[in-house]
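So this block is structure28.cif, mmCIF, C-alpha atoms:
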data_final
loop_
_atom_site.label_atom_id
_atom_site.label_comp_id
_atom_site.auth_asym_id
_atom_site.auth_seq_id
_atom_site.Cartn_x
_atom_site.Cartn_y
_atom_site.Cartn_z
CA MET A 1 -10.58 95.07 -51.24
CA SER A 2 -7.47 96.35 -52.98
CA ILE A 3 -4.56 97.91 -51.13
CA TYR A 4 -2.46 100.46 -52.97
CA LEU A 5 1.18 101.29 -52.33
CA THR A 6 3.41 104.15 -53.36
CA ASN A 7 6.87 105.32 -52.35
CA TYR A 8 8.16 108.70 -51.19
CA ASN A 9 11.81 109.65 -50.95
CA SER A 10 12.30 111.61 -47.75
CA PRO A 11 15.27 113.11 -45.91
CA ILE A 12 15.15 110.12 -43.54
CA GLY A 13 14.97 107.49 -46.28
CA LYS A 14 12.47 105.83 -48.55
CA LEU A 15 8.91 105.72 -47.21
CA THR A 16 6.19 103.30 -48.29
CA ILE A 17 2.65 104.63 -48.09
CA ALA A 18 -0.42 102.37 -48.18
CA SER A 19 -4.05 103.25 -48.91
CA ASP A 20 -7.38 101.51 -49.22
CA GLY A 21 -8.16 103.97 -52.03
CA ASP A 22 -9.74 106.59 -49.80
CA ASN A 23 -7.62 106.69 -46.63
CA ILE A 24 -3.99 106.33 -45.64
CA ILE A 25 -3.72 103.02 -43.80
CA GLY A 26 0.04 102.80 -43.54
CA LEU A 27 3.30 104.74 -43.76
CA TRP A 28 6.55 102.94 -43.01
CA ILE A 29 10.20 103.90 -43.14
CA GLU A 30 12.19 101.44 -45.20
CA GLY A 31 13.69 98.81 -42.92
CA GLN A 32 11.62 99.68 -39.88
CA LYS A 33 10.28 97.07 -37.52
CA TYR A 34 6.79 95.84 -38.40
CA PHE A 35 7.15 97.03 -42.03
CA LEU A 36 3.78 96.48 -43.77
CA ASP A 37 2.63 94.33 -40.85
CA THR A 38 -0.99 95.56 -40.89
CA ILE A 39 -1.38 94.73 -44.60
CA LYS A 40 -2.94 91.28 -44.67
CA ASN A 41 -4.09 91.33 -48.25
CA ASP A 42 -3.05 89.50 -51.39
CA ASN A 43 -4.54 92.18 -53.63
CA ILE A 44 -1.75 94.77 -53.36
CA LYS A 45 -1.17 97.13 -56.27
CA LYS A 46 1.52 99.71 -56.95
CA GLU A 47 -0.25 103.00 -57.66
CA ASP A 48 1.31 106.45 -57.56
CA ASN A 49 -1.56 108.61 -58.78
CA LEU A 50 -4.29 108.25 -56.16
CA GLU A 51 -5.56 111.58 -54.85
CA ILE A 52 -4.97 110.45 -51.26
CA PHE A 53 -1.33 109.74 -52.14
CA LYS A 54 -0.94 113.17 -53.73
CA ASN A 55 -2.33 114.73 -50.54
CA ALA A 56 -0.07 112.63 -48.30
CA LYS A 57 3.04 113.47 -50.35
CA GLU A 58 2.21 117.18 -50.28
CA TRP A 59 1.73 116.92 -46.50
CA LEU A 60 5.12 115.19 -46.19
CA ASN A 61 6.78 117.80 -48.43
CA ARG A 62 5.60 120.55 -46.09
CA TYR A 63 6.52 118.56 -43.00
CA PHE A 64 10.08 117.93 -44.14
CA LYS A 65 10.46 121.64 -44.99
CA GLY A 66 9.76 122.45 -41.34
CA LYS A 67 6.18 123.59 -41.88
CA LYS A 68 3.47 122.45 -39.51
CA PRO A 69 0.91 120.57 -41.62
CA ASP A 70 -2.24 119.63 -39.73
CA ILE A 71 -2.83 115.92 -39.18
CA ASN A 72 -6.51 116.46 -39.99
CA GLU A 73 -5.66 117.36 -43.60
CA ILE A 74 -5.29 113.68 -44.45
CA ARG A 75 -7.86 110.92 -44.10
CA LEU A 76 -6.25 108.31 -41.85
CA CYS A 77 -7.56 104.86 -41.05
CA PRO A 78 -4.90 102.91 -39.14
CA ILE A 79 -5.57 99.20 -38.76
CA GLY A 80 -5.40 97.85 -35.22
CA ASN A 81 -7.35 96.78 -32.17
CA GLU A 82 -9.33 99.22 -30.01
CA PHE A 83 -6.54 99.69 -27.44
CA ARG A 84 -3.97 100.55 -30.10
CA LYS A 85 -6.38 102.89 -31.87
CA ASN A 86 -6.97 104.72 -28.57
CA VAL A 87 -3.22 105.13 -28.09
CA TRP A 88 -2.82 106.35 -31.69
CA LYS A 89 -5.61 108.93 -31.14
CA ILE A 90 -3.58 110.34 -28.25
CA LEU A 91 -0.48 110.44 -30.47
CA CYS A 92 -2.48 112.53 -32.96
CA GLN A 93 -3.06 115.11 -30.22
CA ILE A 94 0.64 115.70 -29.45
CA PRO A 95 1.41 119.18 -30.76
CA TYR A 96 4.08 119.67 -33.40
CA GLY A 97 7.44 120.32 -31.75
CA GLU A 98 6.46 118.85 -28.39
CA THR A 99 7.04 115.50 -26.70
CA ILE A 100 5.12 113.35 -24.26
CA THR A 101 6.13 110.32 -22.20
CA TYR A 102 4.86 106.76 -22.43
CA GLY A 103 3.74 107.17 -18.81
CA ASP A 104 1.68 110.25 -19.65
CA ILE A 105 -0.09 108.33 -22.40
CA ALA A 106 -0.64 105.40 -20.00
CA LYS A 107 -2.35 107.77 -17.53
CA ARG A 108 -4.62 109.14 -20.25
CA ILE A 109 -5.54 105.64 -21.46
CA ALA A 110 -6.21 104.48 -17.88
CA LYS A 111 -8.52 107.44 -17.33
CA LYS A 112 -10.35 106.78 -20.61
CA MET A 113 -10.80 103.11 -19.66
CA ASN A 114 -11.82 103.94 -16.06
CA ARG A 115 -8.81 102.10 -14.67
CA LYS A 116 -6.54 102.99 -11.82
CA SER A 117 -3.44 102.55 -13.96
CA MET A 118 -2.16 101.28 -17.28
CA SER A 119 1.17 99.73 -18.16
CA ALA A 120 3.60 102.07 -19.92
CA GLN A 121 4.98 98.94 -21.61
CA ALA A 122 1.56 98.16 -23.12
CA VAL A 123 1.42 101.74 -24.35
CA GLY A 124 4.95 101.41 -25.72
CA ASN A 125 3.93 98.31 -27.64
CA ALA A 126 0.97 100.16 -29.19
CA VAL A 127 3.15 103.17 -30.02
CA GLY A 128 5.75 100.88 -31.61
CA HIS A 129 3.10 99.27 -33.80
CA ASN A 130 1.78 102.60 -35.11
CA PRO A 131 1.21 101.81 -38.79
CA ILE A 132 1.26 105.45 -39.96
CA SER A 133 4.68 106.73 -38.93
CA ILE A 134 5.46 110.44 -39.03
CA ILE A 135 1.88 111.58 -39.74
CA ILE A 136 0.71 109.88 -36.53
CA PRO A 137 3.67 111.26 -34.57
CA CYS A 138 4.96 108.36 -32.51
CA HIS A 139 8.43 109.93 -32.74
CA ARG A 140 7.22 112.54 -30.20
CA VAL A 141 7.02 109.92 -27.43
CA VAL A 142 10.00 109.63 -25.07
CA GLY A 143 10.83 107.83 -21.84
CA LYS A 144 10.05 109.62 -18.57
CA ASN A 145 13.74 110.12 -17.86
CA GLY A 146 14.44 111.60 -21.31
CA SER A 147 15.34 108.30 -22.91
CA LEU A 148 14.97 108.21 -26.70
CA THR A 149 13.73 104.68 -26.88
CA GLY A 150 11.16 102.67 -28.73
CA TYR A 151 11.12 104.00 -32.28
CA ALA A 152 10.48 101.23 -34.81
CA GLY A 153 12.08 103.32 -37.57
CA GLY A 154 15.32 103.66 -35.62
CA ILE A 155 16.51 106.08 -32.96
CA ASP A 156 18.59 108.02 -35.52
CA LYS A 157 15.43 108.75 -37.52
CA LYS A 158 13.51 109.68 -34.38
CA ILE A 159 16.18 112.26 -33.57
CA LYS A 160 16.06 113.66 -37.12
CA LEU A 161 12.28 113.99 -36.98
CA LEU A 162 12.43 115.77 -33.61
CA LYS A 163 15.08 118.13 -34.98
CA ILE A 164 12.90 118.92 -38.02
CA GLU A 165 10.30 120.05 -35.48
CA ASN A 166 12.92 122.14 -33.63
CA VAL A 167 12.65 120.02 -30.48
CA ASN A 168 15.63 120.63 -28.22
CA THR A 169 17.09 117.14 -28.00
CA ASN A 170 19.97 118.12 -25.67
CA ASN A 171 18.15 116.76 -22.61
CA PHE A 172 17.40 113.41 -24.25
CA PHE A 173 19.72 110.43 -24.37
CA ILE A 174 20.06 107.12 -26.17
CA PRO A 175 19.98 104.16 -23.78
CA LYS A 176 23.30 102.32 -23.66
CA GLU A 177 21.83 99.10 -25.01
CA ARG A 178 20.68 100.97 -28.16
CA LYS A 179 23.31 102.74 -30.17
CA VAL A 180 22.81 104.81 -33.28
CA LEU A 181 24.94 103.56 -36.13
#

Just give me the structure as structure tokens.
Amino acid sequence: MSIYLTNYNSPIGKLTIASDGDNIIGLWIEGQKYFLDTIKNDNIKKEDNLEIFKNAKEWLNRYFKGKKPDINEIRLCPIGNEFRKNVWKILCQIPYGETITYGDIAKRIAKKMNRKSMSAQAVGNAVGHNPISIIIPCHRVVGKNGSLTGYAGGIDKKIKLLKIENVNTNNFFIPKERKVL
């Protein structure tokens, strides 16, 4: 199977988008943690003209203009284990301009798995490994105390994305051990 890549210049930096030809399987911010980590394929081709890429770029254009494009407009097929995919499905349900905590996601996952509880750290790990940044909105996840933590693309980019969505970030804070440059 071939994997196709294209680039998109966004207000938060260069993005790399990956597709299997029919679905978006990855979207990474240049320099982010886990960049291209779900692509385990030697048959990677640069291709800018796939229809799925045109759709994704149009979606991103509207998003960065402050519109509210629907996540269901793009065929997504993130690569990961069942637990991560379940977390990513919850991320897809977070409304534009709203946030949720890691703990809230952990409660939903625990309920889905018929468990008493689920580790917020395990959820955080799955959120951090989201291979389709921005479109699957992991930037909308915050710590229960308002901490802006855990964004693989960088806290500065997380803040910019939340501001694009008109989220009031005044009640959020950057943990002392993580400083925005």

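Here, the PyMOL selection byres ((chain A and resi 104-109) around 9) matches Phe83, Asn86, Val87, Ile90, Leu91, Ile100, Thr101, Tyr102, Gly103, Ala110, Lys111, Lys112, Met113, Asn114, Arg115, Lys116, Ser117, Met118, Ser119, Ala120, Gln121, Ala122, Val123, Gly124, Val141 and Lys144 of chain A.
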
Pick out the closest residue to Thr149 of chain A from this set: A:Lys163, A:Phe172, A:Pro131, A:Lys85. Count all atoms listed in the file.
-> A:Phe172

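In this model, the gap between atom CA of Ile159 of chain A and atom CA of Leu5 of chain A comes to 26.4 Å.
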
Ile79 of chain A environment, 12 Å, all atoms listed in the file, sequence neighbours closer than 4 positions dropped, as a VMD selection string = chain A and resid 18 to 20 23 to 27 36 to 40 83 to 86 88 126 129 to 132

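Our summary of the geometry notes that atom CA of Gly66 of chain A is positioned 13.6 Å from atom CA of Ile12 of chain A.
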
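In terms of minimum interatomic distance to Lys45 of chain A, A:Ser2 ranks closest within A:Ile17, A:Ile155, A:Ser2, A:Lys160, counting only C-alpha atoms.
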
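Of the listed residues (A:Gly21, A:Pro175, A:Gly97, A:Pro137), A:Pro137 comes nearest to Gly153 of chain A; the distances count all atoms listed in the file.
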
Enter the distance from atom CA of Lys46 of chain A to atom CA of Asp22 of chain A, in Å, rounded to one decimal.
->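 About the pair atom CA of Lys46 of chain A and atom CA of Asp22 of chain A: they are 15.0 Å apart.
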
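Applied to this file, the PyMOL selection byres ((chain A and resi 54) around 12) selects Thr6, Asn7, Tyr8, Ile17, Ser19, Gly21, Asp22, Asn23, Ile24, Glu47, Asp48, Asn49, Leu50, Glu51, Ile52, Phe53, Asn55, Ala56, Lys57, Glu58, Trp59, Leu60, Asn61, Glu73 and Ile74 of chain A.
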
Would you please work out which residue, of A:Ile174, A:Leu15, A:Ile29, A:Ile94, is nearest to Leu148 of chain A when using all atoms listed in the file?
->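 For Leu148 of chain A, the nearest of the candidates is A:Ile174.
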
Minimum-distance residue to Val142 of chain A, chosen among A:Asn125, A:Asn72, A:Thr99, A:Thr169 (using all atoms listed in the file) = A:Thr99

Pick from A:Ile44, A:Val127, A:Ile134, A:Ile164 nearest to Tyr4 of chain A, counting all atoms listed in the file |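 Residue with the minimum atom-to-atom distance to Tyr4 of chain A: A:Ile44.
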
Take every atom of segment 135-139 of chain A listed in the file, pad by 6 Å on each side, and give me the axis-aligned box centre and edge lengths in Å, one decimal, as lines of an AutoDock Vina configuration file.
center_x = 4.6
center_y = 110.0
center_z = -36.1
size_x = 19.7
size_y = 15.2
size_z = 19.2
